[in-house]
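Trainee: Here you go, query_2.cif (mmCIF, C-alpha atoms (C1' of nucleotides)):
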```
data_run
#
loop_
_atom_site.label_atom_id
_atom_site.label_comp_id
_atom_site.auth_asym_id
_atom_site.auth_seq_id
_atom_site.Cartn_x
_atom_site.Cartn_y
_atom_site.Cartn_z
CA MET A 1 -23.25 6.45 24.07
CA SER A 2 -20.90 4.70 21.66
CA PHE A 3 -21.04 5.72 18.02
CA ASP A 4 -19.90 3.12 15.55
CA PRO A 5 -19.49 4.48 12.01
CA LEU A 6 -19.69 0.93 10.79
CA ALA A 7 -23.07 0.28 12.38
CA GLU A 8 -24.17 3.57 10.89
CA ALA A 9 -23.09 2.48 7.41
CA HIS A 10 -24.97 -0.78 7.92
CA ARG A 11 -28.16 1.11 8.76
CA GLN A 12 -27.87 3.33 5.72
CA TRP A 13 -27.25 0.39 3.46
CA SER A 14 -30.13 -1.58 4.98
CA ALA A 15 -32.55 1.19 4.13
CA ARG A 16 -31.87 0.77 0.42
CA TRP A 17 -30.61 -2.77 -0.07
CA PRO A 18 -31.68 -4.89 2.89
CA ASP A 19 -30.42 -8.14 1.45
CA GLN A 20 -26.91 -6.79 0.86
CA ALA A 21 -26.29 -5.00 4.11
CA ASP A 22 -24.89 -7.91 6.11
CA HIS A 23 -22.30 -8.72 3.50
CA MET A 24 -21.36 -5.09 3.10
CA ALA A 25 -20.91 -4.78 6.85
CA ALA A 26 -18.74 -7.91 6.97
CA VAL A 27 -16.46 -6.53 4.27
CA THR A 28 -16.21 -3.15 5.93
CA SER A 29 -15.48 -4.78 9.29
CA VAL A 30 -12.61 -6.76 7.86
CA MET A 31 -11.13 -3.70 6.18
CA ARG A 32 -11.40 -1.60 9.31
CA ALA A 33 -10.05 -4.29 11.64
CA GLN A 34 -7.07 -4.84 9.38
CA GLN A 35 -6.35 -1.14 9.23
CA LEU A 36 -6.48 -0.79 13.02
CA LEU A 37 -4.43 -3.89 13.71
CA LEU A 38 -1.78 -3.07 11.16
CA SER A 39 -1.38 0.40 12.56
CA ARG A 40 -1.07 -0.83 16.16
CA ILE A 41 1.36 -3.55 15.27
CA GLU A 42 3.48 -1.24 13.16
CA SER A 43 3.83 1.16 16.06
CA LEU A 44 4.96 -1.72 18.27
CA LEU A 45 7.54 -2.70 15.66
CA LYS A 46 8.71 0.81 14.82
CA PRO A 47 11.25 1.02 17.68
CA HIS A 48 12.93 -2.03 16.15
CA GLY A 49 13.00 -0.36 12.74
CA LEU A 50 10.71 -2.99 11.28
CA THR A 51 7.49 -2.84 9.31
CA PHE A 52 5.03 -5.70 9.63
CA ALA A 53 6.04 -7.06 6.25
CA ALA A 54 9.70 -7.03 7.26
CA TYR A 55 8.91 -8.67 10.58
CA GLU A 56 7.01 -11.47 8.91
CA ALA A 57 9.87 -12.19 6.56
CA LEU A 58 12.36 -12.27 9.43
CA ARG A 59 10.09 -14.45 11.55
CA LEU A 60 9.57 -16.88 8.71
CA LEU A 61 13.33 -17.29 8.26
CA ALA A 62 13.82 -17.66 12.01
CA PHE A 63 11.26 -20.46 12.06
CA SER A 64 12.96 -22.44 9.32
CA SER A 65 15.44 -25.05 10.48
CA THR A 66 18.43 -23.65 8.58
CA GLY A 67 17.56 -19.97 8.86
CA SER A 68 17.37 -19.68 5.09
CA LEU A 69 14.73 -20.11 2.42
CA PRO A 70 14.31 -19.59 -1.33
CA MET A 71 12.65 -16.30 -2.23
CA GLY A 72 9.82 -17.98 -4.07
CA LYS A 73 9.00 -20.23 -1.14
CA MET A 74 8.87 -17.22 1.15
CA GLY A 75 6.36 -15.54 -1.12
CA ARG A 76 4.13 -18.60 -1.11
CA ARG A 77 4.31 -18.98 2.66
CA LEU A 78 3.65 -15.32 3.33
CA LEU A 79 1.03 -15.23 0.58
CA VAL A 80 2.54 -12.22 -1.12
CA HIS A 81 3.73 -11.50 -4.63
CA PRO A 82 7.31 -12.49 -5.54
CA ALA A 83 8.11 -8.84 -6.23
CA SER A 84 7.16 -7.99 -2.66
CA VAL A 85 9.64 -10.54 -1.36
CA THR A 86 12.39 -9.06 -3.51
CA ASN A 87 11.47 -5.67 -2.15
CA VAL A 88 11.51 -6.52 1.52
CA ILE A 89 14.60 -8.73 1.35
CA THR A 90 16.49 -5.99 -0.48
CA ARG A 91 15.82 -3.64 2.41
CA LEU A 92 16.70 -6.23 5.07
CA GLU A 93 19.88 -7.09 3.21
CA ALA A 94 20.93 -3.44 3.14
CA ARG A 95 20.65 -3.42 6.94
CA GLY A 96 22.72 -6.58 7.31
CA LEU A 97 19.85 -8.63 8.73
CA VAL A 98 19.75 -11.04 5.83
CA THR A 99 22.10 -12.21 3.10
CA ARG A 100 21.26 -13.31 -0.40
CA ALA A 101 22.99 -16.03 -2.43
CA PRO A 102 22.18 -18.25 -5.40
CA ALA A 103 21.20 -21.78 -4.38
CA PRO A 104 23.87 -24.42 -5.12
CA HIS A 105 21.55 -26.96 -6.75
CA ASP A 106 19.60 -24.52 -8.93
CA ARG A 107 21.17 -21.19 -9.69
CA ARG A 108 17.87 -19.61 -10.68
CA VAL A 109 16.86 -19.85 -7.05
CA VAL A 110 17.97 -17.17 -4.60
CA LEU A 111 18.37 -18.16 -0.97
CA ALA A 112 17.74 -15.56 1.70
CA SER A 113 19.55 -16.32 4.97
CA LEU A 114 19.27 -14.78 8.40
CA THR A 115 22.42 -13.22 9.84
CA PRO A 116 23.01 -13.45 13.61
CA GLU A 117 21.85 -9.81 13.86
CA GLY A 118 18.71 -10.67 11.93
CA ARG A 119 17.94 -13.57 14.22
CA ALA A 120 18.48 -11.46 17.32
CA LEU A 121 16.22 -8.72 15.99
CA ALA A 122 13.48 -11.22 15.11
CA GLU A 123 13.51 -12.47 18.68
CA GLU A 124 13.44 -9.02 20.23
CA ALA A 125 10.56 -7.97 18.00
CA THR A 126 8.64 -11.14 18.81
CA GLU A 127 9.04 -10.42 22.50
CA THR A 128 7.66 -6.94 21.99
CA LEU A 129 4.63 -8.29 20.16
CA HIS A 130 4.08 -10.91 22.85
CA ARG A 131 4.11 -8.29 25.58
CA ASP A 132 1.04 -6.74 23.95
CA ARG A 133 -0.43 -9.97 22.62
CA PHE A 134 -0.12 -8.73 19.07
CA ALA A 135 -1.95 -5.54 20.02
CA LEU A 136 -4.88 -7.62 21.25
CA ALA A 137 -4.08 -7.59 24.96
CA GLU A 138 -7.63 -6.45 25.73
CA LEU A 139 -9.23 -9.28 23.78
CA SER A 140 -9.93 -12.58 25.52
CA ALA A 141 -8.57 -15.79 24.04
CA ARG A 142 -12.16 -16.86 23.50
CA ASP A 143 -12.94 -13.73 21.49
CA ALA A 144 -9.72 -14.17 19.55
CA ARG A 145 -10.81 -17.68 18.60
CA ALA A 146 -14.22 -16.35 17.55
CA VAL A 147 -12.46 -14.01 15.12
CA THR A 148 -10.36 -16.80 13.69
CA ASP A 149 -13.39 -19.08 13.33
CA ALA A 150 -15.62 -16.52 11.68
CA LEU A 151 -12.88 -15.59 9.26
CA HIS A 152 -12.16 -19.25 8.58
CA ALA A 153 -15.68 -19.53 7.14
CA LEU A 154 -15.07 -16.41 5.11
CA ARG A 155 -11.79 -17.74 3.76
CA VAL A 156 -13.43 -21.05 2.85
CA SER A 157 -16.09 -19.14 0.94
CA LEU A 158 -13.35 -17.33 -0.95
CA ASP A 159 -11.61 -20.59 -1.83
CA ASP A 160 -8.59 -19.78 0.26
CA ILE A 161 -8.76 -23.28 1.66
CA ASP A 162 -9.21 -26.58 -0.26
CA MET B 1 -7.18 -33.00 2.56
CA SER B 2 -7.36 -29.25 3.01
CA PHE B 3 -4.15 -27.50 3.99
CA ASP B 4 -4.55 -24.20 5.74
CA PRO B 5 -1.28 -22.29 6.12
CA LEU B 6 -2.90 -20.32 8.87
CA ALA B 7 -3.78 -23.36 10.94
CA GLU B 8 -0.22 -24.52 10.36
CA ALA B 9 1.18 -21.25 11.69
CA HIS B 10 -1.07 -21.56 14.72
CA ARG B 11 0.27 -25.03 15.44
CA GLN B 12 3.87 -23.92 15.17
CA TRP B 13 3.25 -20.95 17.42
CA SER B 14 1.39 -23.09 19.96
CA ALA B 15 4.37 -25.35 20.32
CA ARG B 16 6.52 -22.50 21.62
CA TRP B 17 4.15 -19.91 23.05
CA PRO B 18 0.83 -21.58 23.83
CA ASP B 19 -0.69 -18.52 25.49
CA GLN B 20 0.01 -16.28 22.50
CA ALA B 21 -1.12 -18.53 19.68
CA ASP B 22 -4.81 -17.61 19.63
CA HIS B 23 -4.07 -13.91 19.39
CA MET B 24 -1.45 -14.47 16.72
CA ALA B 25 -3.93 -16.54 14.71
CA ALA B 26 -6.62 -13.87 15.01
CA VAL B 27 -4.25 -11.21 13.69
CA THR B 28 -3.09 -13.39 10.84
CA SER B 29 -6.70 -14.26 9.94
CA VAL B 30 -7.66 -10.62 9.72
CA MET B 31 -4.67 -9.81 7.53
CA ARG B 32 -5.33 -12.72 5.21
CA ALA B 33 -9.07 -12.11 4.96
CA GLN B 34 -8.48 -8.47 4.12
CA GLN B 35 -5.95 -9.37 1.46
CA LEU B 36 -8.33 -11.87 -0.18
CA LEU B 37 -11.36 -9.62 -0.02
CA LEU B 38 -9.54 -6.59 -1.32
CA SER B 39 -8.19 -8.56 -4.23
CA ARG B 40 -11.62 -9.98 -5.16
CA ILE B 41 -13.35 -6.65 -4.84
CA GLU B 42 -10.70 -4.86 -6.86
CA SER B 43 -11.15 -7.32 -9.69
CA LEU B 44 -14.88 -6.68 -9.63
CA LEU B 45 -14.24 -2.93 -9.79
CA LYS B 46 -11.48 -3.04 -12.37
CA PRO B 47 -13.84 -3.08 -15.39
CA HIS B 48 -15.19 0.24 -14.11
CA GLY B 49 -11.68 1.63 -13.83
CA LEU B 50 -12.00 1.98 -10.06
CA THR B 51 -9.86 0.87 -7.16
CA PHE B 52 -11.55 0.12 -3.86
CA ALA B 53 -10.32 3.39 -2.40
CA ALA B 54 -11.73 5.31 -5.37
CA TYR B 55 -15.04 3.45 -5.12
CA GLU B 56 -15.37 4.25 -1.44
CA ALA B 57 -14.81 7.94 -2.07
CA LEU B 58 -17.39 7.99 -4.86
CA ARG B 59 -19.90 6.04 -2.80
CA LEU B 60 -19.47 8.37 0.16
CA LEU B 61 -20.21 11.40 -2.02
CA ALA B 62 -23.18 9.66 -3.61
CA PHE B 63 -24.60 8.98 -0.15
CA SER B 64 -24.39 12.59 0.97
CA SER B 65 -27.48 14.68 0.38
CA THR B 66 -25.80 17.31 -1.77
CA GLY B 67 -23.30 15.08 -3.52
CA SER B 68 -20.42 17.07 -2.12
CA LEU B 69 -18.29 17.01 1.01
CA PRO B 70 -15.20 18.73 2.43
CA MET B 71 -11.99 16.76 1.91
CA GLY B 72 -11.26 16.61 5.62
CA LYS B 73 -14.68 15.21 6.42
CA MET B 74 -14.21 12.53 3.78
CA GLY B 75 -10.95 11.48 5.40
CA ARG B 76 -12.60 11.17 8.79
CA ARG B 77 -15.54 9.20 7.43
CA LEU B 78 -13.38 6.86 5.41
CA LEU B 79 -10.85 6.67 8.24
CA VAL B 80 -7.90 7.49 6.04
CA HIS B 81 -5.20 10.12 6.14
CA PRO B 82 -5.98 13.54 4.59
CA ALA B 83 -3.17 12.98 2.10
CA SER B 84 -4.92 9.85 0.86
CA VAL B 85 -8.08 11.83 0.16
CA THR B 86 -6.11 14.39 -1.83
CA ASN B 87 -4.57 11.56 -3.77
CA VAL B 88 -7.76 9.76 -4.72
CA ILE B 89 -9.77 12.92 -5.42
CA THR B 90 -7.00 14.19 -7.70
CA ARG B 91 -7.30 11.07 -9.81
CA LEU B 92 -11.11 11.13 -9.84
CA GLU B 93 -11.04 14.81 -10.80
CA ALA B 94 -8.71 14.10 -13.71
CA ARG B 95 -11.31 11.64 -15.00
CA GLY B 96 -14.15 14.13 -14.66
CA LEU B 97 -15.95 12.13 -11.99
CA VAL B 98 -15.55 14.75 -9.31
CA THR B 99 -14.92 18.50 -9.17
CA ARG B 100 -13.02 20.44 -6.55
CA ALA B 101 -13.81 23.95 -5.31
CA PRO B 102 -13.05 26.06 -2.25
CA ALA B 103 -15.97 26.22 0.18
CA PRO B 104 -17.78 29.59 0.19
CA HIS B 105 -17.86 30.02 3.97
CA ASP B 106 -14.26 28.96 4.66
CA ARG B 107 -11.79 29.12 1.85
CA ARG B 108 -9.35 26.77 3.55
CA VAL B 109 -11.88 24.02 3.03
CA VAL B 110 -12.02 22.22 -0.32
CA LEU B 111 -15.33 20.75 -1.38
CA ALA B 112 -15.30 17.66 -3.57
CA SER B 113 -18.48 17.28 -5.62
CA LEU B 114 -19.78 14.42 -7.71
CA THR B 115 -20.39 15.10 -11.40
CA PRO B 116 -23.30 13.35 -13.15
CA GLU B 117 -20.74 10.96 -14.65
CA GLY B 118 -19.35 10.27 -11.21
CA ARG B 119 -22.76 9.55 -9.80
CA ALA B 120 -23.61 7.21 -12.68
CA LEU B 121 -20.34 5.33 -12.26
CA ALA B 122 -20.88 4.97 -8.52
CA GLU B 123 -24.24 3.36 -9.18
CA GLU B 124 -22.96 1.01 -11.85
CA ALA B 125 -20.11 -0.09 -9.61
CA THR B 126 -22.44 -0.63 -6.68
CA GLU B 127 -24.62 -2.83 -8.87
CA THR B 128 -21.61 -4.90 -9.83
CA LEU B 129 -20.65 -5.38 -6.20
CA HIS B 130 -24.21 -6.31 -5.32
CA ARG B 131 -24.33 -8.95 -8.02
CA ASP B 132 -21.53 -10.76 -6.19
CA ARG B 133 -22.53 -9.69 -2.71
CA PHE B 134 -19.26 -7.87 -2.21
CA ALA B 135 -17.35 -10.98 -3.26
CA LEU B 136 -19.07 -12.92 -0.49
CA ALA B 137 -21.78 -14.61 -2.55
CA GLU B 138 -20.82 -17.99 -1.10
CA LEU B 139 -21.10 -16.80 2.48
CA SER B 140 -24.46 -17.02 4.26
CA ALA B 141 -25.93 -13.90 5.84
CA ARG B 142 -25.58 -15.65 9.19
CA ASP B 143 -21.87 -16.24 8.64
CA ALA B 144 -21.47 -12.66 7.47
CA ARG B 145 -23.02 -11.45 10.71
CA ALA B 146 -20.71 -13.72 12.69
CA VAL B 147 -17.74 -11.99 11.05
CA THR B 148 -19.09 -8.55 11.85
CA ASP B 149 -19.84 -9.53 15.46
CA ALA B 150 -16.48 -11.11 16.12
CA LEU B 151 -14.70 -8.13 14.65
CA HIS B 152 -16.91 -5.78 16.62
CA ALA B 153 -15.39 -7.22 19.79
CA LEU B 154 -11.95 -6.83 18.31
CA ARG B 155 -12.58 -3.22 17.38
CA VAL B 156 -13.92 -2.48 20.84
CA SER B 157 -10.76 -3.94 22.32
CA LEU B 158 -8.74 -1.63 20.10
CA ASP B 159 -10.74 1.41 21.18
CA ASP B 160 -12.21 1.91 17.75
CA ILE B 161 -15.58 2.35 19.43
CA ASP B 162 -16.43 4.53 22.49
"C1'" DG C 1 -6.67 46.32 13.99
"C1'" DT C 2 -2.71 43.28 13.90
"C1'" DC C 3 -0.21 39.33 15.03
"C1'" DC C 4 -0.20 34.50 16.49
"C1'" DA C 5 -2.10 30.07 16.98
"C1'" DA C 6 -5.08 26.72 15.19
"C1'" DT C 7 -7.15 24.38 11.16
"C1'" DA C 8 -7.43 22.53 6.18
"C1'" DT C 9 -5.20 20.95 2.40
"C1'" DT C 10 -1.30 19.83 -0.48
"C1'" DT C 11 3.43 18.26 -1.37
"C1'" DG C 12 7.29 15.21 -1.15
"C1'" DG C 13 9.28 10.99 0.40
"C1'" DA C 14 9.42 6.08 2.10
"C1'" DA C 15 7.06 1.71 2.03
"C1'" DG C 16 3.69 -1.67 0.73
"C1'" DC C 17 1.06 -4.17 -2.83
"C1'" DT C 18 0.07 -5.72 -7.63
"C1'" DA C 19 0.65 -6.82 -12.67
"C1'" DA C 20 3.36 -7.27 -16.63
"C1'" DA C 21 7.70 -7.43 -18.97
"C1'" DA C 22 12.60 -8.62 -18.90
"C1'" DT C 23 16.51 -11.75 -17.61
"C1'" DA C 24 18.62 -15.92 -16.38
"C1'" DA C 25 18.88 -20.83 -15.69
"C1'" DT C 26 17.01 -25.41 -16.09
"C1'" DT C 27 14.62 -29.20 -18.14
"C1'" DC C 28 12.28 -31.66 -21.62
"C1'" DG C 29 11.10 -33.25 -26.42
"C1'" DG C 30 12.48 -34.77 -30.61
"C1'" DC D 1 22.22 -32.70 -27.66
"C1'" DC D 2 19.95 -28.46 -29.21
"C1'" DG D 3 16.17 -25.39 -29.19
"C1'" DA D 4 11.79 -24.42 -26.90
"C1'" DA D 5 9.04 -24.19 -22.96
"C1'" DT D 6 9.07 -23.59 -18.07
"C1'" DT D 7 10.51 -21.69 -13.75
"C1'" DA D 8 12.72 -18.14 -10.51
"C1'" DT D 9 13.75 -13.69 -9.70
"C1'" DT D 10 14.09 -8.87 -10.67
"C1'" DT D 11 12.67 -4.60 -12.86
"C1'" DT D 12 9.39 -1.16 -14.01
"C1'" DA D 13 5.28 1.26 -13.49
"C1'" DG D 14 1.00 2.36 -11.11
"C1'" DC D 15 -1.74 2.78 -7.02
"C1'" DT D 16 -2.23 2.91 -1.90
"C1'" DT D 17 -0.90 4.02 2.63
"C1'" DC D 18 1.38 7.07 6.08
"C1'" DC D 19 4.28 10.86 7.96
"C1'" DA D 20 6.27 15.32 8.15
"C1'" DA D 21 6.85 19.71 6.31
"C1'" DA D 22 5.00 23.59 3.63
"C1'" DT D 23 1.06 26.76 2.36
"C1'" DA D 24 -3.15 29.12 2.99
"C1'" DT D 25 -6.84 30.89 5.66
"C1'" DT D 26 -9.36 31.91 9.71
"C1'" DG D 27 -10.31 33.53 14.32
"C1'" DG D 28 -9.07 35.08 18.84
"C1'" DA D 29 -6.08 37.94 22.10
"C1'" DC D 30 -4.47 42.12 23.26
#
```
Could you render the structure as structure tokens?

Mentor:
Amino acid sequence: MSFDPLAEAHRQWSARWPDQADHMAAVTSVMRAQQLLLSRIESLLKPHGLTFAAYEALRLLAFSSTGSLPMGKMGRRLLVHPASVTNVITRLEARGLVTRAPAPHDRRVVLASLTPEGRALAEEATETLHRDRFALAELSARDARAVTDALHALRVSLDDID
Amino acid sequence: MSFDPLAEAHRQWSARWPDQADHMAAVTSVMRAQQLLLSRIESLLKPHGLTFAAYEALRLLAFSSTGSLPMGKMGRRLLVHPASVTNVITRLEARGLVTRAPAPHDRRVVLASLTPEGRALAEEATETLHRDRFALAELSARDARAVTDALHALRVSLDDID
DNA sequence: GTCCAATATTTGGAAGCTAAAATAATTCGG
DNA sequence: CCGAATTATTTTAGCTTCCAAATATTGGAC
């Protein structure tokens, strides 16, 4: 009874380009899964006034031993463009969740630091995500690992690793 | 020798919340895979002057029997917000790849139609993507299917299907 | 037959991402 | 020890997403 638009696209593609259909379907699956997950997670975070990007930045700072990190390092860890870090930190700073200051040893570097409010919010938001297992409450741990493993192979093939 | 920031995140998460780590890693994998794929595919499409969103709209029209579809239907097929369809069609129309006209039977409905130039570009772009197997040339068909299957389970758990 | 509710699209605004150019600070070569 | 190259961040501009509000059209109730 279930209709899967993705399976439908795969069939259509198969009819014309049989040797491309599996790769097309993999790409489409990734795009769709990301879209669904992002939307679920953002609605979990919305009550805290956080987007996913903002949550990740806060979480990263909360994980660091001192609660502060250089902007550039954050971008590399989060795998986003430096300009995106500037963007998100600017908004967090305006809300008093983070402060910004030049690093003592190298004044080109800007250090973002968690305020107590920022740390508290990061923990609340993490609890919310945990309650719903990152929106994947209905997925078994085994199936979650299958996703990670399959995508590991994909990332290797895209040179994300090594 | 390989360092995988994702495996690292999984380890850190495991140390504090062992029963959440697999789900967190699955989410992070999806986000990262999408980011990588999108970036590869957009560089393949760039020479044609297309973004991935624009390519998908063009491809959808090219697949339809008449080469034209109502805006709303396109949004539902592509699983994006109506406003996004307006946005992308506006840009394609400005380039002469698509035309827009009210539907005869219901003048609220706007029909987007492929021009000959639009159809030609859709085919060229598809050929380019095929040459690199949607940026997944290095991935075996078996591994591609594993991705689709694992994400199928994820999508089912998110009620994307049924 | 007219008015009201539902449907289709567009508009405007907030956020994200990227790439490329501009600014500031540091370090290295001669 | 001074100027050039490098590095870190921000700015600007373009594209994408979504949401919410506005606009237009249709169809049903009375």

Trainee: Quick check on the file I pasted: which residues fall under the PyMOL selection byres ((chain B) within 10 of (chain C))? Write them as a compact mmCIF listing (two decimals) with C-alpha atoms, in the coordinates of the input.

Mentor:
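Generated file (result-v2.txt):
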```txt
# COMPACT_ATOMS: atom_id res chain seq x y z
CA GLN B 35 -5.95 -9.37 1.46
CA SER B 39 -8.19 -8.56 -4.23
CA PRO B 70 -15.20 18.73 2.43
CA MET B 71 -11.99 16.76 1.91
CA GLY B 72 -11.26 16.61 5.62
CA PRO B 82 -5.98 13.54 4.59
CA ALA B 83 -3.17 12.98 2.10
CA VAL B 85 -8.08 11.83 0.16
CA THR B 86 -6.11 14.39 -1.83
CA ASN B 87 -4.57 11.56 -3.77
CA ASP B 106 -14.26 28.96 4.66
CA ARG B 107 -11.79 29.12 1.85
CA ARG B 108 -9.35 26.77 3.55
CA VAL B 109 -11.88 24.02 3.03
CA VAL B 110 -12.02 22.22 -0.32
```

Trainee: Which residue out of A:Ala144, A:Asp149, A:Leu97, A:Met74 has the minimum interatomic distance to chain B when all atoms listed in the file are used?

Mentor: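 The closest residue to chain B is A:Ala144.
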
Trainee: Do a neighbour search on A:Leu158 at 12 Å with all atoms listed in the file, toss out local chain neighbours closer than 6 positions, and write the hits as a tab-separated table (two decimals) with C-alpha atoms, keeping the file's coordinate frame.

Mentor:
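Output file selection35.tsv is given in full below:
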```tsv
chain	number	residue	atom	x	y	z
A	151	LEU	CA	-12.88	-15.59	9.26
A	152	HIS	CA	-12.16	-19.25	8.58
B	32	ARG	CA	-5.33	-12.72	5.21
B	33	ALA	CA	-9.07	-12.11	4.96
B	34	GLN	CA	-8.48	-8.47	4.12
B	35	GLN	CA	-5.95	-9.37	1.46
B	36	LEU	CA	-8.33	-11.87	-0.18
B	37	LEU	CA	-11.36	-9.62	-0.02
B	38	LEU	CA	-9.54	-6.59	-1.32
B	39	SER	CA	-8.19	-8.56	-4.23
B	40	ARG	CA	-11.62	-9.98	-5.16
B	41	ILE	CA	-13.35	-6.65	-4.84
B	132	ASP	CA	-21.53	-10.76	-6.19
B	134	PHE	CA	-19.26	-7.87	-2.21
B	135	ALA	CA	-17.35	-10.98	-3.26
B	136	LEU	CA	-19.07	-12.92	-0.49
B	137	ALA	CA	-21.78	-14.61	-2.55
B	138	GLU	CA	-20.82	-17.99	-1.10
B	139	LEU	CA	-21.10	-16.80	2.48
```

Trainee: Which residues of chain D sit at most 9 Å from chain B, using only C-alpha atoms (C1' of nucleotides)? Give each one's shortest atom pair and distance in Å (one decimal place), in chain and ascending residue order, as CSV.

Mentor:
```
residue,atom,partner,partner_atom,distance
D:DC15,C1',B:Thr51,CA,8.3
D:DT16,C1',B:Ser84,CA,7.9
D:DT17,C1',B:Ser84,CA,7.3
D:DC18,C1',B:His81,CA,7.3
D:DA24,C1',B:Arg108,CA,6.7
D:DT25,C1',B:Arg108,CA,5.3
D:DT26,C1',B:Asp106,CA,7.6
```

Trainee: List as a list of chain:residue names: which residues have an atom within 7 Å of (-18.2, 5.7, 5.1), counting all atoms listed in the file?

Mentor: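 Protein, DNA and RNA residues close to (-18.2, 5.7, 5.1): A:Ala9, B:Leu60, B:Arg77, B:Leu78.
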
Trainee: Report as an MDAnalysis selection string the set of chain A residues whose atoms approach chain B to within 7 Å, with distances computed over only C-alpha atoms.

Mentor: chainID A and resid 2:4 20 22:26 29:31 33:34 130 133:134 136 138:139 141 143:148 150:151 154:155 157 161:162

Trainee: Find the residues around B:Glu124 up to 12 Å (only C-alpha atoms (C1' of nucleotides) counted), leave out those fewer than 3 positions away in its own chain, and share them as a list in words.

Mentor: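 In the requested form, the answer reads Leu44, Leu45, Pro47, His48, Gly49, Leu50, Tyr55, Leu58, Arg59, Ala62, Glu117, Gly118, Arg119, Ala120, Leu121, Glu127, Thr128, Leu129, His130 and Arg131 of chain B.
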
Trainee: Can you write just those residues out, C-alpha atoms, as a short mmCIF file (atom, residue, chain, number, x, y, z; two decimals), in the coordinates of the input?

Mentor:
```
data_model
loop_
_atom_site.label_atom_id
_atom_site.label_comp_id
_atom_site.auth_asym_id
_atom_site.auth_seq_id
_atom_site.Cartn_x
_atom_site.Cartn_y
_atom_site.Cartn_z
CA LEU B 44 -14.88 -6.68 -9.63
CA LEU B 45 -14.24 -2.93 -9.79
CA PRO B 47 -13.84 -3.08 -15.39
CA HIS B 48 -15.19 0.24 -14.11
CA GLY B 49 -11.68 1.63 -13.83
CA LEU B 50 -12.00 1.98 -10.06
CA TYR B 55 -15.04 3.45 -5.12
CA LEU B 58 -17.39 7.99 -4.86
CA ARG B 59 -19.90 6.04 -2.80
CA ALA B 62 -23.18 9.66 -3.61
CA GLU B 117 -20.74 10.96 -14.65
CA GLY B 118 -19.35 10.27 -11.21
CA ARG B 119 -22.76 9.55 -9.80
CA ALA B 120 -23.61 7.21 -12.68
CA LEU B 121 -20.34 5.33 -12.26
CA GLU B 127 -24.62 -2.83 -8.87
CA THR B 128 -21.61 -4.90 -9.83
CA LEU B 129 -20.65 -5.38 -6.20
CA HIS B 130 -24.21 -6.31 -5.32
CA ARG B 131 -24.33 -8.95 -8.02
#
```

Trainee: Would you work out the distance separating atom CA of A:Ser65 from atom C1' of D:DT7, expressed in Å to one decimal?

Mentor: 25.0 Å

Trainee: One number please: atom CA of B:Thr115 to atom C1' of D:DT23, in Å, one decimal.

Mentor: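 The value is 28.0 Å.
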
Trainee: In Å to one decimal, how far is atom CA of A:Glu56 from atom CA of A:Pro104?

Mentor: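 Interatomic distance here is 25.5 Å.
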